[in-house]
Structures are given as C-alpha cells and as structure tokens.
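**Student:** Pasting work-v5.txt here (compact mmCIF, C-alpha atoms):
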# COMPACT_ATOMS: atom_id res chain seq x y z
CA MET A 1409 13.54 38.57 2.28
CA GLY A 1410 15.14 36.08 4.64
CA TYR A 1411 14.10 32.51 5.21
CA ILE A 1412 10.86 32.13 7.21
CA GLU A 1413 10.41 28.90 9.12
CA PRO A 1414 7.13 27.32 7.94
CA ALA A 1415 4.40 26.73 10.47
CA PRO A 1416 4.07 23.11 11.64
CA ILE A 1417 1.47 20.97 9.93
CA LYS A 1418 -0.92 20.26 12.78
CA ASP A 1419 -2.24 16.96 11.43
CA LYS A 1420 1.16 15.61 10.41
CA ALA A 1421 1.86 12.40 12.31
CA ASN A 1422 4.89 12.14 14.54
CA PRO A 1423 7.06 9.61 12.67
CA PHE A 1424 8.38 7.97 15.84
CA GLU A 1425 4.86 7.58 17.21
CA SER A 1426 3.74 6.11 13.86
CA MET A 1427 6.57 3.58 13.99
CA MET A 1428 5.77 2.69 17.61
CA SER A 1429 2.06 2.16 16.89
CA ARG A 1430 2.97 -0.56 14.34
CA PHE A 1431 5.67 -1.93 16.65
CA ASN A 1432 3.15 -2.27 19.48
CA ILE A 1433 0.65 -4.19 17.36
CA ALA A 1434 3.34 -6.59 16.13
CA ALA A 1435 4.80 -7.04 19.62
CA GLU A 1436 1.38 -7.96 20.99
CA ALA A 1437 0.71 -10.42 18.16
CA LEU A 1438 4.12 -11.99 18.77
CA GLY A 1439 3.67 -12.13 22.55
CA LEU A 1440 6.91 -10.25 23.02
CA ASP A 1441 8.50 -10.46 26.47
CA GLU A 1442 8.06 -7.16 28.35
CA GLN A 1443 11.76 -6.84 29.16
CA VAL A 1444 12.74 -7.27 25.50
CA TYR A 1445 9.95 -4.87 24.51
CA ASN A 1446 11.39 -2.18 26.77
CA VAL A 1447 14.85 -2.64 25.23
CA LEU A 1448 13.66 -2.59 21.61
CA LYS A 1449 11.37 0.42 21.90
CA SER A 1450 14.22 2.77 22.84
CA PRO A 1451 17.28 3.85 20.81
CA SER A 1452 20.56 2.64 22.26
CA LYS A 1453 22.38 5.91 21.51
CA GLN A 1454 21.43 9.46 20.48
CA VAL A 1455 24.10 12.01 19.54
CA SER A 1456 23.26 15.65 18.73
CA VAL A 1457 25.96 18.12 17.75
CA SER A 1458 26.33 21.79 16.81
CA LEU A 1459 28.45 22.37 13.72
CA PRO A 1460 29.90 25.90 13.21
CA ILE A 1461 30.70 26.33 9.51
CA THR A 1462 32.40 29.20 7.68
CA MET A 1463 30.19 30.14 4.73
CA ASP A 1464 31.46 31.45 1.42
CA ASP A 1465 30.67 35.05 2.41
CA GLY A 1466 32.87 34.75 5.51
CA SER A 1467 30.01 34.49 7.99
CA ILE A 1468 29.73 31.59 10.43
CA ARG A 1469 26.52 29.54 10.64
CA VAL A 1470 25.84 26.86 13.22
CA PHE A 1471 24.08 23.75 11.93
CA GLU A 1472 22.28 21.11 13.98
CA GLY A 1473 23.32 17.50 13.38
CA HIS A 1474 22.07 14.18 14.73
CA ARG A 1475 22.98 10.49 14.73
CA VAL A 1476 20.73 7.93 16.36
CA ILE A 1477 21.68 4.28 16.80
CA HIS A 1478 18.58 2.27 17.51
CA SER A 1479 20.24 -1.14 17.84
CA ASN A 1480 23.52 -2.90 17.14
CA ILE A 1481 22.57 -6.32 18.46
CA LEU A 1482 22.66 -7.95 14.99
CA GLY A 1483 25.91 -6.24 13.98
CA PRO A 1484 27.25 -2.74 13.28
CA SER A 1485 24.46 -0.20 12.89
CA LYS A 1486 23.62 1.02 9.40
CA GLY A 1487 21.69 3.99 8.08
CA GLY A 1488 21.71 7.03 5.86
CA VAL A 1489 22.45 10.68 6.57
CA ARG A 1490 19.95 13.18 5.21
CA TYR A 1491 20.40 16.91 4.63
CA ALA A 1492 17.05 18.70 4.86
CA MET A 1493 15.42 21.62 6.67
CA ASP A 1494 12.81 19.39 8.32
CA VAL A 1495 15.33 17.07 10.00
CA HIS A 1496 14.42 16.65 13.68
CA ILE A 1497 15.24 14.13 16.38
CA ASP A 1498 11.89 12.28 16.34
CA GLU A 1499 12.21 11.71 12.60
CA VAL A 1500 15.78 10.46 12.97
CA LYS A 1501 14.74 8.14 15.84
CA ALA A 1502 11.93 6.68 13.73
CA LEU A 1503 14.17 6.20 10.70
CA ALA A 1504 16.83 4.52 12.85
CA ALA A 1505 14.27 2.05 14.22
CA TRP A 1506 12.95 1.41 10.71
CA MET A 1507 16.51 0.55 9.67
CA THR A 1508 16.74 -2.03 12.46
CA TRP A 1509 13.56 -3.71 11.26
CA LYS A 1510 14.55 -3.36 7.60
CA CYS A 1511 17.90 -5.10 8.07
CA ALA A 1512 16.26 -7.84 10.13
CA VAL A 1513 13.50 -8.43 7.53
CA VAL A 1514 16.05 -9.08 4.76
CA ASP A 1515 18.28 -11.03 7.16
CA ILE A 1516 21.50 -9.05 6.89
CA PRO A 1517 23.84 -8.66 9.92
CA TYR A 1518 23.26 -4.98 10.65
CA GLY A 1519 21.52 -2.96 13.30
CA GLY A 1520 19.70 0.27 12.57
CA ALA A 1521 20.86 3.88 12.65
CA LYS A 1522 20.09 7.19 10.98
CA GLY A 1523 21.63 10.62 10.80
CA GLY A 1524 20.72 14.06 9.61
CA ILE A 1525 21.74 17.70 9.42
CA LYS A 1526 19.20 20.50 9.41
CA CYS A 1527 20.20 22.46 6.31
CA ASN A 1528 19.09 23.26 2.77
CA PRO A 1529 21.75 21.85 0.44
CA ARG A 1530 20.05 23.45 -2.58
CA GLU A 1531 21.00 26.86 -1.18
CA MET A 1532 24.58 25.93 -0.33
CA SER A 1533 27.70 25.83 -2.48
CA ALA A 1534 29.72 22.65 -2.96
CA GLY A 1535 32.42 24.10 -0.70
CA GLU A 1536 29.95 24.84 2.09
CA ILE A 1537 28.46 21.35 1.88
CA GLU A 1538 31.95 19.82 1.95
CA ARG A 1539 32.94 21.77 5.06
CA LEU A 1540 29.65 20.80 6.73
CA THR A 1541 30.10 17.12 5.82
CA ARG A 1542 33.66 17.02 7.12
CA ALA A 1543 32.68 18.79 10.35
CA TYR A 1544 29.84 16.31 10.90
CA THR A 1545 32.19 13.37 10.27
CA ASN A 1546 34.74 14.76 12.73
CA ALA A 1547 32.04 15.19 15.33
CA MET A 1548 31.05 11.53 14.84
CA LEU A 1549 34.55 9.97 14.86
CA ASP A 1550 33.72 8.05 18.04
CA VAL A 1551 30.43 6.87 16.55
CA PHE A 1552 31.28 5.89 12.97
CA GLY A 1553 33.42 2.91 12.01
CA PRO A 1554 33.22 -0.19 9.80
CA ASP A 1555 32.58 -2.36 12.86
CA ARG A 1556 30.49 0.20 14.79
CA ASP A 1557 28.22 2.42 12.69
CA ILE A 1558 28.18 2.76 8.89
CA PRO A 1559 26.57 5.84 7.27
CA ALA A 1560 25.14 5.96 3.74
CA PRO A 1561 23.41 8.44 1.42
CA ASP A 1562 19.86 9.62 2.02
CA MET A 1563 17.75 12.63 1.06
CA GLY A 1564 20.05 15.49 0.06
CA THR A 1565 23.23 13.41 0.06
CA GLY A 1566 24.94 11.12 -2.44
CA PRO A 1567 28.27 9.59 -3.49
CA ARG A 1568 30.03 12.96 -3.27
CA GLU A 1569 29.20 13.43 0.41
CA MET A 1570 30.08 9.80 1.16
CA ALA A 1571 33.49 10.33 -0.45
CA TRP A 1572 34.11 13.32 1.82
CA MET A 1573 33.02 11.33 4.86
CA MET A 1574 35.34 8.46 3.96
CA ASP A 1575 38.24 10.81 3.34
CA GLU A 1576 37.77 12.74 6.60
CA PHE A 1577 37.44 9.54 8.63
CA SER A 1578 40.49 8.04 6.88
CA ARG A 1579 42.60 11.14 7.55
CA ALA A 1580 41.71 10.98 11.24
CA HIS A 1581 42.79 7.33 11.39
CA GLY A 1582 45.92 7.66 9.24
CA MET A 1583 44.83 5.04 6.71
CA THR A 1584 42.21 4.45 4.06
CA VAL A 1585 39.03 3.04 5.65
CA ASN A 1586 36.66 2.64 2.73
CA ALA A 1587 34.36 0.23 4.58
CA MET A 1588 33.29 2.95 7.04
CA VAL A 1589 30.64 4.26 4.63
CA THR A 1590 28.59 2.89 1.73
CA GLY A 1591 27.14 4.56 -1.34
CA LYS A 1592 30.59 5.76 -2.38
CA PRO A 1593 31.75 6.46 -5.96
CA LEU A 1594 32.89 3.30 -7.72
CA VAL A 1595 36.53 4.44 -7.78
CA LEU A 1596 36.52 4.63 -3.97
CA GLY A 1597 35.10 1.17 -3.44
CA GLY A 1598 31.44 1.70 -4.27
CA SER A 1599 29.46 -1.26 -5.55
CA LEU A 1600 28.05 -1.77 -9.00
CA GLY A 1601 24.27 -1.82 -8.84
CA ARG A 1602 24.05 0.42 -5.75
CA THR A 1603 22.50 3.44 -7.49
CA GLU A 1604 19.44 1.53 -8.71
CA ALA A 1605 19.32 -0.93 -5.78
CA THR A 1606 16.42 0.57 -3.81
CA GLY A 1607 14.30 1.03 -6.92
CA ARG A 1608 15.16 -2.49 -7.99
CA GLY A 1609 14.00 -3.84 -4.63
CA VAL A 1610 10.71 -1.97 -5.10
CA MET A 1611 10.32 -3.65 -8.49
CA VAL A 1612 11.01 -7.13 -7.08
CA SER A 1613 8.52 -6.54 -4.25
CA ALA A 1614 5.90 -5.22 -6.68
CA LEU A 1615 6.21 -8.23 -8.98
CA ALA A 1616 6.07 -10.65 -6.03
CA ALA A 1617 2.94 -8.94 -4.71
CA MET A 1618 1.32 -8.83 -8.16
CA GLU A 1619 1.86 -12.58 -8.40
CA LYS A 1620 -0.03 -13.08 -5.11
CA LEU A 1621 -2.86 -10.84 -6.35
CA ASN A 1622 -2.99 -12.44 -9.81
CA ILE A 1623 -2.16 -9.13 -11.51
CA ASN A 1624 -0.46 -9.59 -14.88
CA PRO A 1625 2.43 -7.08 -15.09
CA TYR A 1626 1.82 -6.67 -18.82
CA HIS A 1627 -1.71 -5.45 -18.08
CA ALA A 1628 -0.83 -3.46 -14.93
CA THR A 1629 -1.03 0.31 -14.54
CA VAL A 1630 1.31 2.09 -12.14
CA ALA A 1631 1.56 5.54 -10.54
CA VAL A 1632 4.87 6.62 -8.99
CA GLN A 1633 4.90 9.51 -6.55
CA GLY A 1634 8.45 10.83 -6.40
CA PHE A 1635 10.73 10.71 -9.45
CA GLY A 1636 14.04 10.79 -7.68
CA ASN A 1637 16.54 7.96 -7.55
CA VAL A 1638 14.16 5.38 -6.04
CA GLY A 1639 11.01 6.27 -7.95
CA SER A 1640 12.60 6.68 -11.35
CA HIS A 1641 14.51 3.39 -11.18
CA ALA A 1642 11.42 1.56 -9.92
CA ALA A 1643 9.43 3.04 -12.80
CA LEU A 1644 12.10 2.13 -15.35
CA LEU A 1645 12.39 -1.45 -14.14
CA LEU A 1646 8.62 -1.97 -13.93
CA GLU A 1647 8.25 -0.55 -17.43
CA GLU A 1648 10.92 -2.99 -18.68
CA ARG A 1649 8.81 -5.82 -17.26
CA GLY A 1650 5.69 -4.80 -19.10
CA ALA A 1651 3.87 -2.43 -16.73
CA THR A 1652 2.35 0.85 -17.98
CA ILE A 1653 3.40 3.88 -15.93
CA ILE A 1654 0.52 6.35 -16.29
CA ALA A 1655 1.56 8.96 -13.69
CA VAL A 1656 4.76 10.25 -12.10
CA SER A 1657 5.56 13.28 -9.97
CA ASP A 1658 8.43 15.33 -8.61
CA ILE A 1659 8.85 18.77 -7.01
CA SER A 1660 7.56 20.45 -10.19
CA GLY A 1661 4.21 18.63 -10.12
CA ALA A 1662 2.47 15.44 -11.23
CA TYR A 1663 2.34 14.25 -14.85
CA TYR A 1664 -0.32 11.97 -16.33
CA ASN A 1665 -0.63 10.06 -19.59
CA GLU A 1666 -3.43 7.50 -19.82
CA LYS A 1667 -1.59 5.64 -22.60
CA GLY A 1668 1.62 5.42 -20.60
CA ILE A 1669 4.62 7.65 -20.00
CA ASN A 1670 7.88 6.82 -21.75
CA ILE A 1671 9.99 6.52 -18.61
CA LYS A 1672 13.34 6.45 -20.42
CA ALA A 1673 12.40 9.72 -22.11
CA ALA A 1674 11.24 11.19 -18.79
CA VAL A 1675 14.52 10.26 -17.08
CA ALA A 1676 16.57 11.69 -19.96
CA TYR A 1677 14.54 14.91 -19.85
CA ARG A 1678 14.91 15.23 -16.06
CA ASP A 1679 18.66 14.65 -16.19
CA GLY A 1680 19.04 17.39 -18.80
CA ASN A 1681 16.69 19.82 -17.02
CA ASN A 1682 18.36 20.54 -13.68
CA GLY A 1683 16.93 17.39 -12.13
CA THR A 1684 13.22 18.18 -12.56
CA LEU A 1685 10.39 17.24 -14.94
CA GLU A 1686 9.21 20.82 -15.27
CA GLY A 1687 8.13 21.39 -18.87
CA PHE A 1688 8.08 17.67 -19.77
CA LYS A 1689 5.88 17.19 -22.87
CA GLY A 1690 5.40 13.42 -22.67
CA ALA A 1691 2.48 13.78 -20.25
CA GLU A 1692 -0.05 16.35 -19.04
CA LEU A 1693 0.60 18.35 -15.90
CA MET A 1694 -2.10 17.49 -13.35
CA ASP A 1695 -3.94 20.38 -11.68
CA ASN A 1696 -3.23 18.98 -8.23
CA ALA A 1697 -0.07 16.92 -7.72
CA SER A 1698 -1.62 15.05 -4.78
CA ASP A 1699 -4.28 13.64 -7.12
CA LEU A 1700 -1.65 11.17 -8.33
CA LEU A 1701 -2.12 9.25 -5.09
CA VAL A 1702 -5.81 8.61 -5.74
CA GLN A 1703 -5.64 7.55 -9.38
CA LYS A 1704 -7.34 4.29 -10.33
CA VAL A 1705 -4.27 2.11 -10.86
CA ASP A 1706 -3.18 -1.42 -10.08
CA VAL A 1707 0.00 -0.34 -8.31
CA LEU A 1708 0.80 2.85 -6.39
CA VAL A 1709 4.45 3.51 -5.52
CA PRO A 1710 4.90 6.36 -2.99
CA ALA A 1711 8.63 7.03 -3.28
CA ALA A 1712 9.10 10.52 -1.86
CA VAL A 1713 8.60 11.47 1.79
CA GLU A 1714 6.71 10.45 4.93
CA ASP A 1715 2.95 10.53 5.52
CA VAL A 1716 1.72 11.29 1.99
CA ILE A 1717 -1.09 8.76 2.47
CA HIS A 1718 -2.98 9.95 5.52
CA SER A 1719 -6.41 10.22 7.11
CA GLY A 1720 -7.34 13.08 4.77
CA ASN A 1721 -6.89 11.22 1.48
CA VAL A 1722 -6.81 7.48 2.21
CA GLU A 1723 -10.55 7.05 1.57
CA ARG A 1724 -9.94 8.08 -2.05
CA VAL A 1725 -6.98 5.77 -2.70
CA GLN A 1726 -8.02 3.32 -5.45
CA ALA A 1727 -4.87 1.24 -6.01
CA LYS A 1728 -5.06 -2.53 -5.55
CA LEU A 1729 -1.46 -2.62 -4.32
CA ILE A 1730 0.76 -0.06 -2.58
CA VAL A 1731 4.52 -0.64 -2.73
CA GLU A 1732 6.32 1.77 -0.43
CA GLY A 1733 9.53 3.10 -1.95
CA ALA A 1734 9.82 5.87 0.65
CA ASN A 1735 10.26 5.50 4.40
CA GLY A 1736 6.95 5.91 6.23
CA PRO A 1737 4.80 7.19 3.33
CA THR A 1738 1.62 5.91 5.01
CA SER A 1739 0.53 7.33 8.35
CA ALA A 1740 -0.50 4.93 11.09
CA GLU A 1741 -4.02 6.40 11.06
CA ALA A 1742 -4.40 5.43 7.39
CA ASP A 1743 -3.48 1.77 7.95
CA LYS A 1744 -6.89 0.74 9.27
CA ILE A 1745 -8.76 2.15 6.28
CA ILE A 1746 -6.29 0.63 3.81
CA ASN A 1747 -6.82 -2.76 5.43
CA GLU A 1748 -10.61 -2.34 5.40
CA LYS A 1749 -10.48 -1.49 1.68
CA GLY A 1750 -8.55 -4.72 1.04
CA ILE A 1751 -5.50 -3.00 -0.42
CA MET A 1752 -2.29 -5.03 -0.11
CA VAL A 1753 0.72 -3.04 1.08
CA ALA A 1754 4.32 -4.07 0.53
CA PRO A 1755 5.62 -2.00 3.48
CA ASP A 1756 8.65 0.24 3.50
CA ILE A 1757 10.79 -1.94 5.76
CA LEU A 1758 10.43 -4.68 3.15
CA ALA A 1759 9.92 -2.99 -0.22
CA ASN A 1760 12.73 -0.44 -0.05
CA ALA A 1761 15.29 -2.72 1.62
CA GLY A 1762 17.11 -3.30 -1.69
CA GLY A 1763 19.27 -0.28 -0.96
CA VAL A 1764 20.59 -1.49 2.38
CA THR A 1765 21.03 -4.99 0.92
CA VAL A 1766 23.41 -3.73 -1.76
CA SER A 1767 25.03 -1.42 0.78
CA TYR A 1768 25.79 -4.58 2.73
CA PHE A 1769 27.29 -6.08 -0.45
CA GLU A 1770 29.47 -2.96 -0.81
CA TRP A 1771 30.69 -3.32 2.78
CA VAL A 1772 31.44 -7.03 2.22
CA GLN A 1773 33.38 -6.24 -0.96
CA ASN A 1774 35.37 -3.54 0.84
CA ARG A 1775 36.24 -5.96 3.64
CA LEU A 1776 37.27 -8.63 1.12
CA GLY A 1777 39.13 -6.24 -1.18
CA TYR A 1778 37.33 -7.79 -4.15
CA LYS A 1779 34.67 -6.38 -6.51
CA TRP A 1780 31.61 -8.27 -7.74
CA THR A 1781 30.01 -7.91 -11.17
CA ARG A 1782 26.74 -6.04 -11.57
CA GLU A 1783 25.06 -9.31 -12.56
CA ARG A 1784 26.15 -11.00 -9.32
CA VAL A 1785 25.01 -8.03 -7.23
CA ASN A 1786 21.59 -7.94 -8.92
CA ARG A 1787 21.11 -11.70 -8.78
CA ARG A 1788 21.91 -11.91 -5.07
CA SER A 1789 19.87 -8.83 -4.21
CA ASP A 1790 16.82 -10.08 -6.13
CA ARG A 1791 17.02 -13.43 -4.33
CA ILE A 1792 17.22 -11.80 -0.90
CA MET A 1793 14.30 -9.47 -1.66
CA LYS A 1794 12.11 -12.26 -3.05
CA ASP A 1795 12.89 -14.56 -0.10
CA ALA A 1796 12.09 -11.75 2.34
CA PHE A 1797 8.77 -11.02 0.61
CA ASP A 1798 7.78 -14.68 0.70
CA LYS A 1799 8.63 -14.93 4.42
CA VAL A 1800 6.61 -11.82 5.26
CA HIS A 1801 3.66 -13.08 3.19
CA GLU A 1802 3.76 -16.45 4.96
CA THR A 1803 3.84 -14.66 8.32
CA SER A 1804 0.89 -12.52 7.26
CA LEU A 1805 -1.16 -15.65 6.60
CA LYS A 1806 0.07 -17.41 9.75
CA TYR A 1807 -0.89 -14.57 12.11
CA ASN A 1808 -3.79 -13.27 9.99
CA VAL A 1809 -2.36 -9.74 9.95
CA PRO A 1810 -1.62 -7.22 7.18
CA MET A 1811 1.74 -7.36 5.42
CA ARG A 1812 3.05 -4.35 7.33
CA ILE A 1813 2.47 -5.94 10.72
CA ALA A 1814 3.82 -9.24 9.39
CA ALA A 1815 7.06 -7.50 8.38
CA TYR A 1816 7.39 -6.07 11.88
CA ILE A 1817 6.72 -9.50 13.39
CA VAL A 1818 9.49 -11.07 11.26
CA ALA A 1819 11.92 -8.30 12.19
CA ILE A 1820 11.08 -8.06 15.89
CA ASP A 1821 11.21 -11.83 16.29
CA LYS A 1822 14.72 -11.95 14.79
CA VAL A 1823 16.06 -9.09 16.90
CA ALA A 1824 14.35 -10.30 20.09
CA SER A 1825 15.66 -13.85 19.62
CA THR A 1826 19.17 -12.47 19.17
CA TYR A 1827 18.84 -10.44 22.38
CA LYS A 1828 17.77 -13.55 24.27
CA TYR A 1829 20.75 -15.55 23.02
CA ARG A 1830 23.25 -12.76 23.66
CA GLY A 1831 21.76 -11.62 26.97
CA GLY A 1832 23.46 -8.73 28.65
CA PHE A 1833 20.56 -6.84 30.14
Transcribe the structure of this file into structure tokens.

**Tutor:**
Amino acid sequence: MGYIEPAPIKDKANPFESMMSRFNIAAEALGLDEQVYNVLKSPSKQVSVSLPITMDDGSIRVFEGHRVIHSNILGPSKGGVRYAMDVHIDEVKALAAWMTWKCAVVDIPYGGAKGGIKCNPREMSAGEIERLTRAYTNAMLDVFGPDRDIPAPDMGTGPREMAWMMDEFSRAHGMTVNAMVTGKPLVLGGSLGRTEATGRGVMVSALAAMEKLNINPYHATVAVQGFGNVGSHAALLLEERGATIIAVSDISGAYYNEKGINIKAAVAYRDGNNGTLEGFKGAELMDNASDLLVQKVDVLVPAAVEDVIHSGNVERVQAKLIVEGANGPTSAEADKIINEKGIMVAPDILANAGGVTVSYFEWVQNRLGYKWTRERVNRRSDRIMKDAFDKVHETSLKYNVPMRIAAYIVAIDKVASTYKYRGGF
C-alpha cells in the first residue's frame, strides 16, 4: 500500500499565526512604531524550490524545499534545515521569525532563518538523502554563505547532512568554506559542546527559573516529552544537578517511574535500540503517551514538536514550571490559561537558545581558525543563557507580563532599535 497523506488536524494552530499573536501583544506593550512593526512582521525573503532526485530504484522524485529569511538586520541570518513530511511554508516562516527573536534574546549578531524539505528521511537511503541535500544546497547557492545565511541541523538532519552541505557549497566556490554551516562533524570544524548545547541551555534556564520559584533542584520532579537530542541531554544534565526525572517519552510511547528514571541507562538503551526506548525496562509504559504532559511535576520540559500543549489539554497541566525545549510547543490559545494557573514558562525563544549560541561559537571559531575547549564553550554558553534569562525576568517584572511576552519584548526592542539606527526603509 502506498503512502496516504494524513488528513489535516482541524484544531492544530497555524504556527505563523501563533507566533504573530505573541508578537502583536509584545509590540503593543512596547509601543512599537507602526512602520517598524510592518517591517518586522514580514519575512525579508522566501525561496521555494523543486528538487528532482534520482532514487535508488532509478525513478525520479521531485521534492519540495524551502528557505525563509525573516531578518538579517543584526547580521547574517541563521537557522536549521529540517527534513520532515509536515514541512510547509507557514511553519518555516514561523520558525524563521522565532530564530530572529531567539538570536536577539541571547544577544548574538545573527538574524533569523529556517529551511526545510518535505520528505521522510526514515524511508530514504543514505545515498538518496545525500543527493537531496546536495541538490538543495545547489539550489540555495545564492542564499547561503558565511556572511549571508548560515544553515544548521534541525529535525531529521545532523552533522552528516551539514558535512554534505559544506562540501557542495565549497565545491561550487572552489575552496573550503567551513563557516557556511554549523553543526558539522568535529573534523570539519564543528565545535565541542554543540551536540548537547540546546539541552544544556534548557538545563540552565530550568535552574534559573527554579531559583526564582524557590524550587530546590534536589527535591524537584521533572517530566521530559521528547527523548531526542534536546530532551535527553536536558534530562541528563538536570539529573546530574539533583532533579528526579519521573517521566520521558519518544515515538515509542511515554515511560513513567515514580522513584525516578535512570537517564544514563535510558540513553544507553536508546542508543543500542535503533534510537528508540521501545522495550525499556527501567520504567512503565504509560497507557496514553500524552498523559506525560499532565503529570503532577515541578518541571515539564516539552522537547519534541509544536503545539503539544493546547486548548484541549492545558486545563489538566499541573507543572509549576514549563521549560520549552522544542520550538512552539505551546499553542497561543493555551497561553492565557497557563498564565491564569500561575505556571511560569521559560519560553522557547529563550530556553532552547543554547543551540544557536554554540552554533555562533562554531562560526566564530571557523572564522578565527582556532578551536576552543569544551570547558570554554560551556562556560561562555552558560553565562549567555543565564544573563538572557535574568534580562527576560527583569523585563517581565517591569512590564508586568508573562515571561514569553517579556522575551518577545526584549527581542523586538533590540531588532527595532537596530532598524532605527541603520535606517534604509
């Protein structure tokens, strides 16, 4: 039986509209000039391409690819490239805008971008994925560049795909250009500490928020939805700092252990089991994986996909603190109820910015031709994340708004101020 396109989820929020609803609230609170508002609400460039690829069986399939640059006013645009069947232009536009705000929140000199190819990499061979990656890079030769737009890994991509991108771009330019992409293998100029960087930023944000809420990490319970790169590293690092991880989930389901899951054992099992927790004996398989989101815990870390906390389940969320490891895991409709319940949220554009921070470090090292130690990378990243959290928290108190809106205010104010100084519109 061939692939059947799933029916759309009727109540699933449009990610771009969700982003804009938060943007509008923050812009109003900030008193943003209408002219600047009109500039910032729209992407500066959208590129969509068709990519004909020869498959292993000799047939030719045409894949749909996108790259959206939301802004490059702070510097070259930066953002991942995801390979997934649900990639669509509104999602890419939203993620590109989120990257603009994310870079501005942590005060690094990048604008925001995002890319994606509509495909299922799990059903493709390594050769097919390589040909697709190289074709996409060729199609974006006029977009990508270390001083223009810098791609990175995202859902469905990793160091392997970044190596192919770097190689294809370098071949086209007749020289090695390792700074045109981040998230590369170490031997090609990747940075130490990059793999765990996003999860580490989640941990720093969680600890900073727990301090504000007077939650002792050694007495804290945590649930992590999504046990991929971000979620598993966040869980590991929080466990190292005393927290008890009572629930985790991945594509195989959700796993619960009231006494605490041994995260090192869970990671080792996953890595030796084709990348999933299926059959893991260190916790009980929950009847309904979505029940993880409504467990009574101190900290909930949604680290998978968009809109997992929504109008249909937000009333049952019991966490005292939500730290968003994923991009857009909370729908805009759920925000009001979360705020009414008094739940603090460390929002995505703050909490998961550790990844782009260390990507920036990788780019700097490539430009310098000099590698930093893991300790230096972690120390500088932790400082940037903690400073950013403190600034967002101060802004939250100053404007009397939730942390999410405060993060948008910090970001929009920085980008808008830069526009005013640079002019040009």

**Student:** Applying 8 Å and all atoms listed in the file, which residues near Val1753 (chain A) remain after dropping the ones on its own chain fewer than 4 positions away? List them as an NGL selection string.

**Tutor:** :A and (1729-1732 or 1810-1812)

**Student:** Could you give me, as an MDAnalysis selection string, the residues within 7 Å of Tyr1491 (chain A), counting all atoms listed in the file and dropping anything in the same chain fewer than 2 positions from it?

**Tutor:** chainID A and resid 1489 1524:1529 1563:1565

**Student:** Given all atoms listed in the file as the basis, pick out the residue of A:Ala1754, A:Val1675, A:Val1766, A:Val1716 nearest to Ser1804 (chain A).

**Tutor:**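 Of all the options, A:Ala1754 lies closest to Ser1804 (chain A).
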
**Student:** Calculate how many Å separate CA of Pro1567 (chain A) from CA of Trp1506 (chain A), rounding to one decimal.

**Tutor:**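 Here the two named atoms are 22.4 Å from each other.
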
**Student:** Between A:Thr1606, A:Asn1665, A:Thr1781, A:Thr1629, which has the minimum distance to Gly1650 (chain A) (counting all atoms listed in the file)?

**Tutor:**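 Result for the nearest residue to Gly1650 (chain A): A:Thr1629.
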
**Student:** Near Val1772 (chain A), within 12 Å and counting all atoms listed in the file, which residues show up once chain neighbours fewer than 2 positions away are dropped, as a compact mmCIF listing (two decimals) with C-alpha atoms, keeping the file's coordinate frame?

**Tutor:**
# COMPACT_ATOMS: atom_id res chain seq x y z
CA ILE A 1516 21.50 -9.05 6.89
CA PRO A 1517 23.84 -8.66 9.92
CA TYR A 1518 23.26 -4.98 10.65
CA PRO A 1554 33.22 -0.19 9.80
CA ASP A 1555 32.58 -2.36 12.86
CA ASN A 1586 36.66 2.64 2.73
CA ALA A 1587 34.36 0.23 4.58
CA MET A 1588 33.29 2.95 7.04
CA VAL A 1589 30.64 4.26 4.63
CA THR A 1590 28.59 2.89 1.73
CA GLY A 1597 35.10 1.17 -3.44
CA GLY A 1598 31.44 1.70 -4.27
CA SER A 1599 29.46 -1.26 -5.55
CA THR A 1765 21.03 -4.99 0.92
CA VAL A 1766 23.41 -3.73 -1.76
CA SER A 1767 25.03 -1.42 0.78
CA TYR A 1768 25.79 -4.58 2.73
CA PHE A 1769 27.29 -6.08 -0.45
CA GLU A 1770 29.47 -2.96 -0.81
CA ASN A 1774 35.37 -3.54 0.84
CA ARG A 1775 36.24 -5.96 3.64
CA LEU A 1776 37.27 -8.63 1.12
CA GLY A 1777 39.13 -6.24 -1.18
CA TYR A 1778 37.33 -7.79 -4.15
CA LYS A 1779 34.67 -6.38 -6.51
CA TRP A 1780 31.61 -8.27 -7.74
CA VAL A 1785 25.01 -8.03 -7.23

**Student:** Report, in Å with one decimal, the straight-line distance from CA of Thr1545 (chain A) to CA of Ile1558 (chain A).

**Tutor:**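 Computed distance, CA of Thr1545 (chain A) to CA of Ile1558 (chain A), equals 11.4 Å.
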
**Student:** Anything within 6 Å of (37.0, 15.2, 8.8): list those residues as a ChimeraX atom specification, counting all atoms listed in the file and sticking to the file's coordinates.

**Tutor:** /A:1542-1543,1545-1546,1576-1577

**Student:** Which of these, A:Arg1608, A:Ser1640, A:Leu1708, A:Ala1437, has the shortest distance to Ala1628 (chain A) once you count all atoms listed in the file?

**Tutor:** A:Leu1708

**Student:** Which value, in Å to one decimal, gives the distance between CA of Glu1741 (chain A) and CA of Ala1662 (chain A)?

**Tutor:** 24.9 Å

**Student:** Excluding Phe1424 (chain A) and its own-chain neighbours fewer than 2 positions away, which residues fall within 12 Å of it when counting all atoms listed in the file? Please give them as a PyMOL selection string.

**Tutor:** chain A and resi 1420-1422+1426-1431+1449-1451+1478+1496-1506+1714-1715+1735-1736+1739-1740

**Student:** Using all atoms listed in the file, can you tell me which of A:Val1476, A:Met1618, A:Leu1448, A:Leu1482 comes closest to Arg1830 (chain A)?

**Tutor:**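 Ranked by minimum distance to Arg1830 (chain A), first place goes to A:Leu1482.
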
**Student:** Around the point (9.0, 2.7, -13.3) (coordinates from the file), which residues reach within 10 Å if we count only C-alpha atoms? Answer as number ranges by chain.

**Tutor:** A: 1607-1608, 1610-1611, 1630-1632, 1635, 1638-1649, 1651-1656, 1669-1672, 1709

**Student:** So that I can check the surroundings of region 1687-1702 of chain A, please list as number ranges by chain every protein, DNA and RNA residue that reaches within 6 Å of it, counting all atoms listed in the file and ignoring chain neighbours fewer than 4 positions away.

**Tutor:** A: 1661-1665, 1724-1726
